[in-house]
Amino acid sequence: MRFVRHALLSAIAAALLLGPRASAVPAARPDQFRMRFEIYGLGGLHLLTNRTRVETSAAHYAIAMDLATRGLAGFFVNLQSHSEVRGRLVGDIALPEEYSGEVRRNGTDQRTRVDYGADGRILNHWSSSPNVRATLVSAEETRGTVDQLTAYFLVERELAHRNSCASVIPVFDGVHRYDLRFVDAPPQAMPSDIARQFSGPARVCEMSRKDIGGSTDHSDGAYSGKIWYARLGRDGRMVPVRMEFDTELGPVKGYLAELHGRNIDFRRQQ
């Protein structure tokens, strides 16, 4: 069981990623990928749209994600959220520096923020959530954690470098403290409508979540599921193309609808 400081959790510092750099050699232009995922519930009901942007350079990364309910789903859970993280890349390790999130759920707003030190320790965290009360998170429990955006980012890097996602990633988002466990499942053939854009079979990762501490409100997030990852041909980057999760909205399925970036311009056929 490995504790990896990568992938779905963590934060990135904007100044380090986007700020000017003193160097006689011009810095290489960061790679940027924009993805759109459509998520469906029972009976094919369109529930959510997820738009994610990932930007990486040799030493930094930045991730931003916007999520919003769609159609009839909004009558049950009206949700809009924006989260982003900025951080440093040190070899295979992603070190978040600044994570923030804003969620509007059924008319109630919640904001969170987590700031990290150079060694990865949490320097400060804050939340406006009315549900953060008796259950506090200790400094010991948050040691070595990352944000949820960094966590999945780390999984993708593990897959690209080791061809395996097997890991346990400790996560703290300013409100909830939990572990994400990823286990390799047998590879599967790529769906025919996206096979031309990607190389090889899809890598399948099973995910489960174990709550450790923090808020006792369990109304958000996915607690188990599967993610199908594909490798971009010449780039080698691993990207999610399909997902199945158990959530507060029941079982859901998600599909990569669009992917735009260097050497790729993909739109899934309807």
# chains A, B, ... in the order shown; residues from 1 in each chain; ligands from 1

$ select_by_dssp --residues "range 23-168 of chain A" --states "strand (DSSP E or B)" --output "number ranges by chain"
A: 31-40, 46-56, 60-69, 79-90, 93-105, 108-116, 122-127, 146, 167-168

$ residues_around --residues "Phe37 in chain A" --least-positions-apart "2" --cutoff "9 Å" --atoms "only C-alpha atoms" --output "ChimeraX atom specification"
/A:35,39,48-52,241-242,254-258

$ closest_residue --among "A:Arg53, A:Arg262, A:His46, A:Arg231" --to "Arg70 in chain A" --atoms "only C-alpha atoms"
A:His46

$ residues_around --residues "Val252 in chain A" --least-positions-apart "2" --cutoff "6 Å" --atoms "only C-alpha atoms" --output "PDB file with N, CA, C and O atoms, in the first residue's frame"
ATOM      1  N   TYR A  40     -24.247  11.020 -16.643  1.00  0.00           N
ATOM      2  CA  TYR A  40     -25.639  10.581 -16.753  1.00  0.00           C
ATOM      3  C   TYR A  40     -25.985   9.665 -15.592  1.00  0.00           C
ATOM      4  O   TYR A  40     -25.148   8.925 -15.069  1.00  0.00           O
ATOM      5  N   GLY A  41     -27.280   9.687 -15.216  1.00  0.00           N
ATOM      6  CA  GLY A  41     -27.772   8.841 -14.143  1.00  0.00           C
ATOM      7  C   GLY A  41     -28.640   7.714 -14.668  1.00  0.00           C
ATOM      8  O   GLY A  41     -28.565   7.319 -15.842  1.00  0.00           O
ATOM      9  N   GLU A 244     -17.515   5.475 -13.856  1.00  0.00           N
ATOM     10  CA  GLU A 244     -18.732   5.027 -13.192  1.00  0.00           C
ATOM     11  C   GLU A 244     -18.530   5.225 -11.699  1.00  0.00           C
ATOM     12  O   GLU A 244     -17.564   4.724 -11.131  1.00  0.00           O
ATOM     13  N   PHE A 245     -19.454   5.959 -11.043  1.00  0.00           N
ATOM     14  CA  PHE A 245     -19.309   6.270  -9.633  1.00  0.00           C
ATOM     15  C   PHE A 245     -20.627   6.061  -8.900  1.00  0.00           C
ATOM     16  O   PHE A 245     -21.708   6.209  -9.468  1.00  0.00           O
TER      17      PHE A 245
END

$ residues_around --residues "Gly174 in chain A" --least-positions-apart "4" --cutoff "8 Å" --atoms "only C-alpha atoms" --output "list in words"
Thr112, Arg113, Val114, His125, Trp126 and Ser127 of chain A

$ write_last_selection --atoms "C-alpha atoms" --output "PDB file, in the first residue's frame"
ATOM      1  CA  THR A 112     -12.813  26.603   1.050  1.00  0.00           C
ATOM      2  CA  ARG A 113      -9.117  27.335   0.837  1.00  0.00           C
ATOM      3  CA  VAL A 114      -5.968  25.408   1.701  1.00  0.00           C
ATOM      4  CA  HIS A 125      -7.023  26.086   5.833  1.00  0.00           C
ATOM      5  CA  TRP A 126     -10.370  27.804   5.959  1.00  0.00           C
ATOM      6  CA  SER A 127     -13.975  26.966   5.118  1.00  0.00           C
TER       7      SER A 127
END

$ residues_around --residues "range 78-84 of chain A" --least-positions-apart "6" --cutoff "7 Å" --atoms "only C-alpha atoms" --output "PDB file with all heavy atoms, in the first residue's frame"
ATOM      1  N   ILE A  63      -4.663  23.212 -12.266  1.00  0.00           N
ATOM      2  CA  ILE A  63      -5.876  22.501 -12.642  1.00  0.00           C
ATOM      3  C   ILE A  63      -7.065  23.329 -12.203  1.00  0.00           C
ATOM      4  O   ILE A  63      -7.091  23.866 -11.088  1.00  0.00           O
ATOM      5  CB  ILE A  63      -5.951  21.115 -11.970  1.00  0.00           C
ATOM      6  CG1 ILE A  63      -4.686  20.306 -12.236  1.00  0.00           C
ATOM      7  CG2 ILE A  63      -7.180  20.340 -12.454  1.00  0.00           C
ATOM      8  CD1 ILE A  63      -4.573  19.055 -11.374  1.00  0.00           C
ATOM      9  N   ALA A  64      -8.063  23.454 -13.076  1.00  0.00           N
ATOM     10  CA  ALA A  64      -9.308  24.130 -12.738  1.00  0.00           C
ATOM     11  C   ALA A  64     -10.466  23.268 -13.214  1.00  0.00           C
ATOM     12  O   ALA A  64     -10.426  22.712 -14.314  1.00  0.00           O
ATOM     13  CB  ALA A  64      -9.376  25.516 -13.379  1.00  0.00           C
ATOM     14  N   MET A  65     -11.499  23.139 -12.393  1.00  0.00           N
ATOM     15  CA  MET A  65     -12.647  22.313 -12.735  1.00  0.00           C
ATOM     16  C   MET A  65     -13.933  23.049 -12.416  1.00  0.00           C
ATOM     17  O   MET A  65     -14.074  23.627 -11.337  1.00  0.00           O
ATOM     18  CB  MET A  65     -12.618  20.984 -11.989  1.00  0.00           C
ATOM     19  CG  MET A  65     -13.737  20.027 -12.391  1.00  0.00           C
ATOM     20  SD  MET A  65     -13.689  18.455 -11.486  1.00  0.00           S
ATOM     21  CE  MET A  65     -14.287  18.998  -9.881  1.00  0.00           C
ATOM     22  N   ASP A  66     -14.880  23.030 -13.378  1.00  0.00           N
ATOM     23  CA  ASP A  66     -16.205  23.589 -13.189  1.00  0.00           C
ATOM     24  C   ASP A  66     -17.223  22.480 -13.372  1.00  0.00           C
ATOM     25  O   ASP A  66     -17.172  21.720 -14.348  1.00  0.00           O
ATOM     26  CB  ASP A  66     -16.465  24.712 -14.184  1.00  0.00           C
ATOM     27  CG  ASP A  66     -15.617  25.936 -13.896  1.00  0.00           C
ATOM     28  OD1 ASP A  66     -16.005  26.710 -13.001  1.00  0.00           O
ATOM     29  OD2 ASP A  66     -14.577  26.112 -14.552  1.00  0.00           O
ATOM     30  N   LEU A  67     -18.172  22.399 -12.441  1.00  0.00           N
ATOM     31  CA  LEU A  67     -19.186  21.351 -12.451  1.00  0.00           C
ATOM     32  C   LEU A  67     -20.549  21.995 -12.277  1.00  0.00           C
ATOM     33  O   LEU A  67     -20.716  22.887 -11.440  1.00  0.00           O
ATOM     34  CB  LEU A  67     -18.924  20.365 -11.304  1.00  0.00           C
ATOM     35  CG  LEU A  67     -19.721  19.083 -11.247  1.00  0.00           C
ATOM     36  CD1 LEU A  67     -19.340  18.152 -12.393  1.00  0.00           C
ATOM     37  CD2 LEU A  67     -19.498  18.384  -9.906  1.00  0.00           C
ATOM     38  N   ALA A  68     -21.542  21.550 -13.072  1.00  0.00           N
ATOM     39  CA  ALA A  68     -22.893  22.113 -12.978  1.00  0.00           C
ATOM     40  C   ALA A  68     -23.922  21.061 -13.336  1.00  0.00           C
ATOM     41  O   ALA A  68     -23.717  20.259 -14.246  1.00  0.00           O
ATOM     42  CB  ALA A  68     -23.038  23.326 -13.900  1.00  0.00           C
ATOM     43  N   THR A  69     -25.039  21.054 -12.584  1.00  0.00           N
ATOM     44  CA  THR A  69     -26.129  20.145 -12.901  1.00  0.00           C
ATOM     45  C   THR A  69     -26.823  20.591 -14.177  1.00  0.00           C
ATOM     46  O   THR A  69     -26.787  21.749 -14.560  1.00  0.00           O
ATOM     47  CB  THR A  69     -27.148  20.096 -11.748  1.00  0.00           C
ATOM     48  OG1 THR A  69     -27.466  21.434 -11.330  1.00  0.00           O
ATOM     49  CG2 THR A  69     -26.596  19.327 -10.578  1.00  0.00           C
ATOM     50  N   TYR A  99      -4.937  25.741  -2.955  1.00  0.00           N
ATOM     51  CA  TYR A  99      -6.187  25.140  -3.447  1.00  0.00           C
ATOM     52  C   TYR A  99      -7.360  25.981  -2.969  1.00  0.00           C
ATOM     53  O   TYR A  99      -7.381  26.450  -1.819  1.00  0.00           O
ATOM     54  CB  TYR A  99      -6.345  23.708  -2.933  1.00  0.00           C
ATOM     55  CG  TYR A  99      -7.730  23.162  -3.157  1.00  0.00           C
ATOM     56  CD1 TYR A  99      -8.121  22.658  -4.398  1.00  0.00           C
ATOM     57  CD2 TYR A  99      -8.679  23.176  -2.130  1.00  0.00           C
ATOM     58  CE1 TYR A  99      -9.400  22.179  -4.614  1.00  0.00           C
ATOM     59  CE2 TYR A  99      -9.968  22.693  -2.333  1.00  0.00           C
ATOM     60  CZ  TYR A  99     -10.317  22.191  -3.574  1.00  0.00           C
ATOM     61  OH  TYR A  99     -11.594  21.731  -3.793  1.00  0.00           O
ATOM     62  N   SER A 100      -8.359  26.177  -3.833  1.00  0.00           N
ATOM     63  CA  SER A 100      -9.567  26.882  -3.431  1.00  0.00           C
ATOM     64  C   SER A 100     -10.772  26.272  -4.126  1.00  0.00           C
ATOM     65  O   SER A 100     -10.665  25.725  -5.230  1.00  0.00           O
ATOM     66  CB  SER A 100      -9.474  28.383  -3.762  1.00  0.00           C
ATOM     67  OG  SER A 100      -9.349  28.572  -5.168  1.00  0.00           O
ATOM     68  N   GLY A 101     -11.900  26.337  -3.466  1.00  0.00           N
ATOM     69  CA  GLY A 101     -13.128  25.799  -4.034  1.00  0.00           C
ATOM     70  C   GLY A 101     -14.323  26.652  -3.667  1.00  0.00           C
ATOM     71  O   GLY A 101     -14.378  27.229  -2.576  1.00  0.00           O
ATOM     72  N   GLU A 102     -15.272  26.749  -4.591  1.00  0.00           N
ATOM     73  CA  GLU A 102     -16.531  27.455  -4.356  1.00  0.00           C
ATOM     74  C   GLU A 102     -17.665  26.553  -4.826  1.00  0.00           C
ATOM     75  O   GLU A 102     -17.652  26.065  -5.956  1.00  0.00           O
ATOM     76  CB  GLU A 102     -16.575  28.777  -5.118  1.00  0.00           C
ATOM     77  CG  GLU A 102     -15.492  29.768  -4.734  1.00  0.00           C
ATOM     78  CD  GLU A 102     -15.577  31.051  -5.550  1.00  0.00           C
ATOM     79  OE1 GLU A 102     -16.590  31.230  -6.258  1.00  0.00           O
ATOM     80  OE2 GLU A 102     -14.642  31.855  -5.481  1.00  0.00           O
ATOM     81  N   VAL A 103     -18.635  26.308  -3.962  1.00  0.00           N
ATOM     82  CA  VAL A 103     -19.768  25.439  -4.276  1.00  0.00           C
ATOM     83  C   VAL A 103     -21.057  26.164  -3.924  1.00  0.00           C
ATOM     84  O   VAL A 103     -21.183  26.716  -2.821  1.00  0.00           O
ATOM     85  CB  VAL A 103     -19.702  24.104  -3.501  1.00  0.00           C
ATOM     86  CG1 VAL A 103     -20.909  23.240  -3.837  1.00  0.00           C
ATOM     87  CG2 VAL A 103     -18.414  23.365  -3.812  1.00  0.00           C
ATOM     88  N   ARG A 104     -21.997  26.162  -4.854  1.00  0.00           N
ATOM     89  CA  ARG A 104     -23.347  26.661  -4.578  1.00  0.00           C
ATOM     90  C   ARG A 104     -24.304  25.489  -4.759  1.00  0.00           C
ATOM     91  O   ARG A 104     -24.482  24.985  -5.858  1.00  0.00           O
ATOM     92  CB  ARG A 104     -23.714  27.813  -5.518  1.00  0.00           C
ATOM     93  CG  ARG A 104     -25.090  28.410  -5.211  1.00  0.00           C
ATOM     94  CD  ARG A 104     -25.366  29.655  -6.040  1.00  0.00           C
ATOM     95  NE  ARG A 104     -26.643  30.249  -5.732  1.00  0.00           N
ATOM     96  CZ  ARG A 104     -26.878  31.063  -4.710  1.00  0.00           C
ATOM     97  NH1 ARG A 104     -25.886  31.406  -3.920  1.00  0.00           N
ATOM     98  NH2 ARG A 104     -28.088  31.557  -4.490  1.00  0.00           N
ATOM     99  N   ARG A 105     -24.887  25.028  -3.653  1.00  0.00           N
ATOM    100  CA  ARG A 105     -25.764  23.859  -3.658  1.00  0.00           C
ATOM    101  C   ARG A 105     -27.130  24.257  -3.107  1.00  0.00           C
ATOM    102  O   ARG A 105     -27.244  24.634  -1.949  1.00  0.00           O
ATOM    103  CB  ARG A 105     -25.162  22.740  -2.813  1.00  0.00           C
ATOM    104  CG  ARG A 105     -25.968  21.447  -2.771  1.00  0.00           C
ATOM    105  CD  ARG A 105     -25.450  20.547  -1.656  1.00  0.00           C
ATOM    106  NE  ARG A 105     -24.053  20.241  -1.841  1.00  0.00           N
ATOM    107  CZ  ARG A 105     -23.603  19.217  -2.567  1.00  0.00           C
ATOM    108  NH1 ARG A 105     -24.457  18.409  -3.143  1.00  0.00           N
ATOM    109  NH2 ARG A 105     -22.314  19.015  -2.696  1.00  0.00           N
ATOM    110  N   ASN A 106     -28.135  24.179  -3.957  1.00  0.00           N
ATOM    111  CA  ASN A 106     -29.509  24.501  -3.548  1.00  0.00           C
ATOM    112  C   ASN A 106     -29.582  25.841  -2.812  1.00  0.00           C
ATOM    113  O   ASN A 106     -30.246  25.971  -1.773  1.00  0.00           O
ATOM    114  CB  ASN A 106     -30.079  23.382  -2.670  1.00  0.00           C
ATOM    115  CG  ASN A 106     -30.233  22.076  -3.428  1.00  0.00           C
ATOM    116  OD1 ASN A 106     -30.421  22.075  -4.648  1.00  0.00           O
ATOM    117  ND2 ASN A 106     -30.164  20.964  -2.722  1.00  0.00           N
TER     118      ASN A 106
END

$ select_by_dssp --residues "range 44-193 of chain A" --states "helix (DSSP H, G or I)" --output "VMD selection string"
chain A and resid 44 71 to 75 139 to 142 148 to 162

$ write_last_selection --atoms "N, CA, C and O atoms" --output "compact mmCIF listing (two decimals), in the first residue's frame"
# COMPACT_ATOMS: atom_id res chain seq x y z
N GLY A 44 -30.46 7.06 -18.27
CA GLY A 44 -29.80 7.97 -19.21
C GLY A 44 -30.09 9.44 -18.96
O GLY A 44 -29.86 10.27 -19.84
N GLY A 71 -30.46 20.07 -16.79
CA GLY A 71 -31.82 19.60 -17.03
C GLY A 71 -32.60 19.32 -15.76
O GLY A 71 -32.55 20.06 -14.78
N LEU A 72 -33.31 18.18 -15.75
CA LEU A 72 -34.19 17.83 -14.64
C LEU A 72 -33.43 17.61 -13.34
O LEU A 72 -34.01 17.73 -12.25
N ALA A 73 -32.15 17.26 -13.44
CA ALA A 73 -31.37 17.02 -12.22
C ALA A 73 -31.35 18.24 -11.32
O ALA A 73 -31.27 18.12 -10.09
N GLY A 74 -31.44 19.43 -11.93
CA GLY A 74 -31.40 20.66 -11.14
C GLY A 74 -32.59 20.83 -10.22
O GLY A 74 -32.52 21.60 -9.26
N PHE A 75 -33.69 20.10 -10.46
CA PHE A 75 -34.84 20.18 -9.56
C PHE A 75 -34.58 19.44 -8.26
O PHE A 75 -35.22 19.72 -7.24
N ALA A 139 -3.43 18.30 12.87
CA ALA A 139 -2.27 18.51 12.00
C ALA A 139 -1.67 17.17 11.57
O ALA A 139 -1.21 17.01 10.44
N GLU A 140 -1.71 16.19 12.47
CA GLU A 140 -1.19 14.86 12.14
C GLU A 140 -2.01 14.22 11.02
O GLU A 140 -1.45 13.58 10.12
N GLU A 141 -3.33 14.39 11.07
CA GLU A 141 -4.20 13.78 10.06
C GLU A 141 -4.04 14.43 8.69
O GLU A 141 -4.26 13.78 7.66
N THR A 142 -3.66 15.70 8.64
CA THR A 142 -3.52 16.38 7.36
C THR A 142 -2.10 16.27 6.78
O THR A 142 -1.88 16.68 5.64
N GLN A 148 -8.27 17.20 -3.88
CA GLN A 148 -8.82 16.16 -4.74
C GLN A 148 -8.42 16.32 -6.20
O GLN A 148 -8.27 15.32 -6.92
N LEU A 149 -8.21 17.54 -6.67
CA LEU A 149 -7.78 17.72 -8.05
C LEU A 149 -6.38 17.15 -8.25
O LEU A 149 -6.10 16.46 -9.24
N THR A 150 -5.50 17.43 -7.33
CA THR A 150 -4.14 16.90 -7.42
C THR A 150 -4.14 15.38 -7.33
O THR A 150 -3.33 14.70 -7.97
N ALA A 151 -5.05 14.84 -6.55
CA ALA A 151 -5.09 13.39 -6.37
C ALA A 151 -5.29 12.66 -7.70
O ALA A 151 -4.56 11.72 -8.01
N TYR A 152 -6.29 13.07 -8.47
CA TYR A 152 -6.52 12.40 -9.75
C TYR A 152 -5.39 12.70 -10.74
O TYR A 152 -5.05 11.86 -11.57
N PHE A 153 -4.84 13.90 -10.64
CA PHE A 153 -3.69 14.24 -11.48
C PHE A 153 -2.54 13.29 -11.21
O PHE A 153 -1.84 12.84 -12.13
N LEU A 154 -2.34 12.94 -9.96
CA LEU A 154 -1.27 12.01 -9.58
C LEU A 154 -1.53 10.61 -10.13
O LEU A 154 -0.61 9.92 -10.55
N VAL A 155 -2.78 10.20 -10.11
CA VAL A 155 -3.12 8.89 -10.65
C VAL A 155 -2.77 8.81 -12.13
O VAL A 155 -2.21 7.83 -12.62
N GLU A 156 -3.11 9.87 -12.87
CA GLU A 156 -2.79 9.90 -14.30
C GLU A 156 -1.29 9.83 -14.53
O GLU A 156 -0.81 9.15 -15.45
N ARG A 157 -0.51 10.51 -13.69
CA ARG A 157 0.95 10.47 -13.83
C ARG A 157 1.50 9.09 -13.47
O ARG A 157 2.43 8.60 -14.12
N GLU A 158 0.94 8.47 -12.43
CA GLU A 158 1.36 7.13 -12.08
C GLU A 158 1.11 6.16 -13.23
O GLU A 158 1.94 5.30 -13.54
N LEU A 159 -0.06 6.28 -13.85
CA LEU A 159 -0.38 5.41 -14.98
C LEU A 159 0.58 5.64 -16.14
O LEU A 159 1.03 4.70 -16.79
N ALA A 160 0.87 6.89 -16.42
CA ALA A 160 1.75 7.21 -17.55
C ALA A 160 3.17 6.70 -17.32
O ALA A 160 3.82 6.21 -18.25
N HIS A 161 3.64 6.78 -16.07
CA HIS A 161 5.04 6.43 -15.78
C HIS A 161 5.23 4.97 -15.39
O HIS A 161 6.25 4.36 -15.72
N ARG A 162 4.23 4.40 -14.64
CA ARG A 162 4.39 3.03 -14.14
C ARG A 162 3.43 2.03 -14.76
O ARG A 162 3.50 0.85 -14.48

$ closest_residue --among "A:Ala202, A:Ala230, A:Val168, A:Val146" --to "Ala94 in chain A" --atoms "only C-alpha atoms"
A:Val146

$ residues_around --residues "Phe182 in chain A" --least-positions-apart "3" --cutoff "7 Å" --atoms "only C-alpha atoms" --output "PyMOL selection string"
chain A and resi 165-168+205-208

$ write_last_selection --atoms "N, CA, C and O atoms" --output "mmCIF file, in the first residue's frame"
data_model
loop_
_atom_site.group_PDB
_atom_site.id
_atom_site.type_symbol
_atom_site.label_atom_id
_atom_site.label_comp_id
_atom_site.auth_asym_id
_atom_site.auth_seq_id
_atom_site.Cartn_x
_atom_site.Cartn_y
_atom_site.Cartn_z
ATOM 1 N N CYS A 165 -2.039 2.192 -11.447
ATOM 2 C CA CYS A 165 -2.613 3.246 -10.611
ATOM 3 C C CYS A 165 -2.665 2.832 -9.143
ATOM 4 O O CYS A 165 -3.198 3.580 -8.315
ATOM 5 N N ALA A 166 -2.144 1.654 -8.799
ATOM 6 C CA ALA A 166 -2.242 1.135 -7.437
ATOM 7 C C ALA A 166 -1.602 2.102 -6.439
ATOM 8 O O ALA A 166 -0.388 2.316 -6.465
ATOM 9 N N SER A 167 -2.405 2.695 -5.564
ATOM 10 C CA SER A 167 -1.904 3.664 -4.598
ATOM 11 C C SER A 167 -3.003 4.021 -3.620
ATOM 12 O O SER A 167 -4.189 3.743 -3.851
ATOM 13 N N VAL A 168 -2.624 4.609 -2.521
ATOM 14 C CA VAL A 168 -3.551 5.207 -1.566
ATOM 15 C C VAL A 168 -3.147 6.664 -1.404
ATOM 16 O O VAL A 168 -2.012 6.962 -1.031
ATOM 17 N N CYS A 205 -9.094 1.639 -13.549
ATOM 18 C CA CYS A 205 -8.736 1.788 -12.142
ATOM 19 C C CYS A 205 -10.004 1.775 -11.289
ATOM 20 O O CYS A 205 -10.955 2.504 -11.583
ATOM 21 N N GLU A 206 -10.004 0.947 -10.250
ATOM 22 C CA GLU A 206 -11.101 0.943 -9.295
ATOM 23 C C GLU A 206 -10.755 1.882 -8.144
ATOM 24 O O GLU A 206 -9.628 1.877 -7.641
ATOM 25 N N MET A 207 -11.724 2.699 -7.747
ATOM 26 C CA MET A 207 -11.500 3.695 -6.700
ATOM 27 C C MET A 207 -12.463 3.446 -5.543
ATOM 28 O O MET A 207 -13.624 3.120 -5.746
ATOM 29 N N SER A 208 -11.965 3.617 -4.316
ATOM 30 C CA SER A 208 -12.826 3.592 -3.131
ATOM 31 C C SER A 208 -12.340 4.664 -2.166
ATOM 32 O O SER A 208 -11.162 5.019 -2.142
#
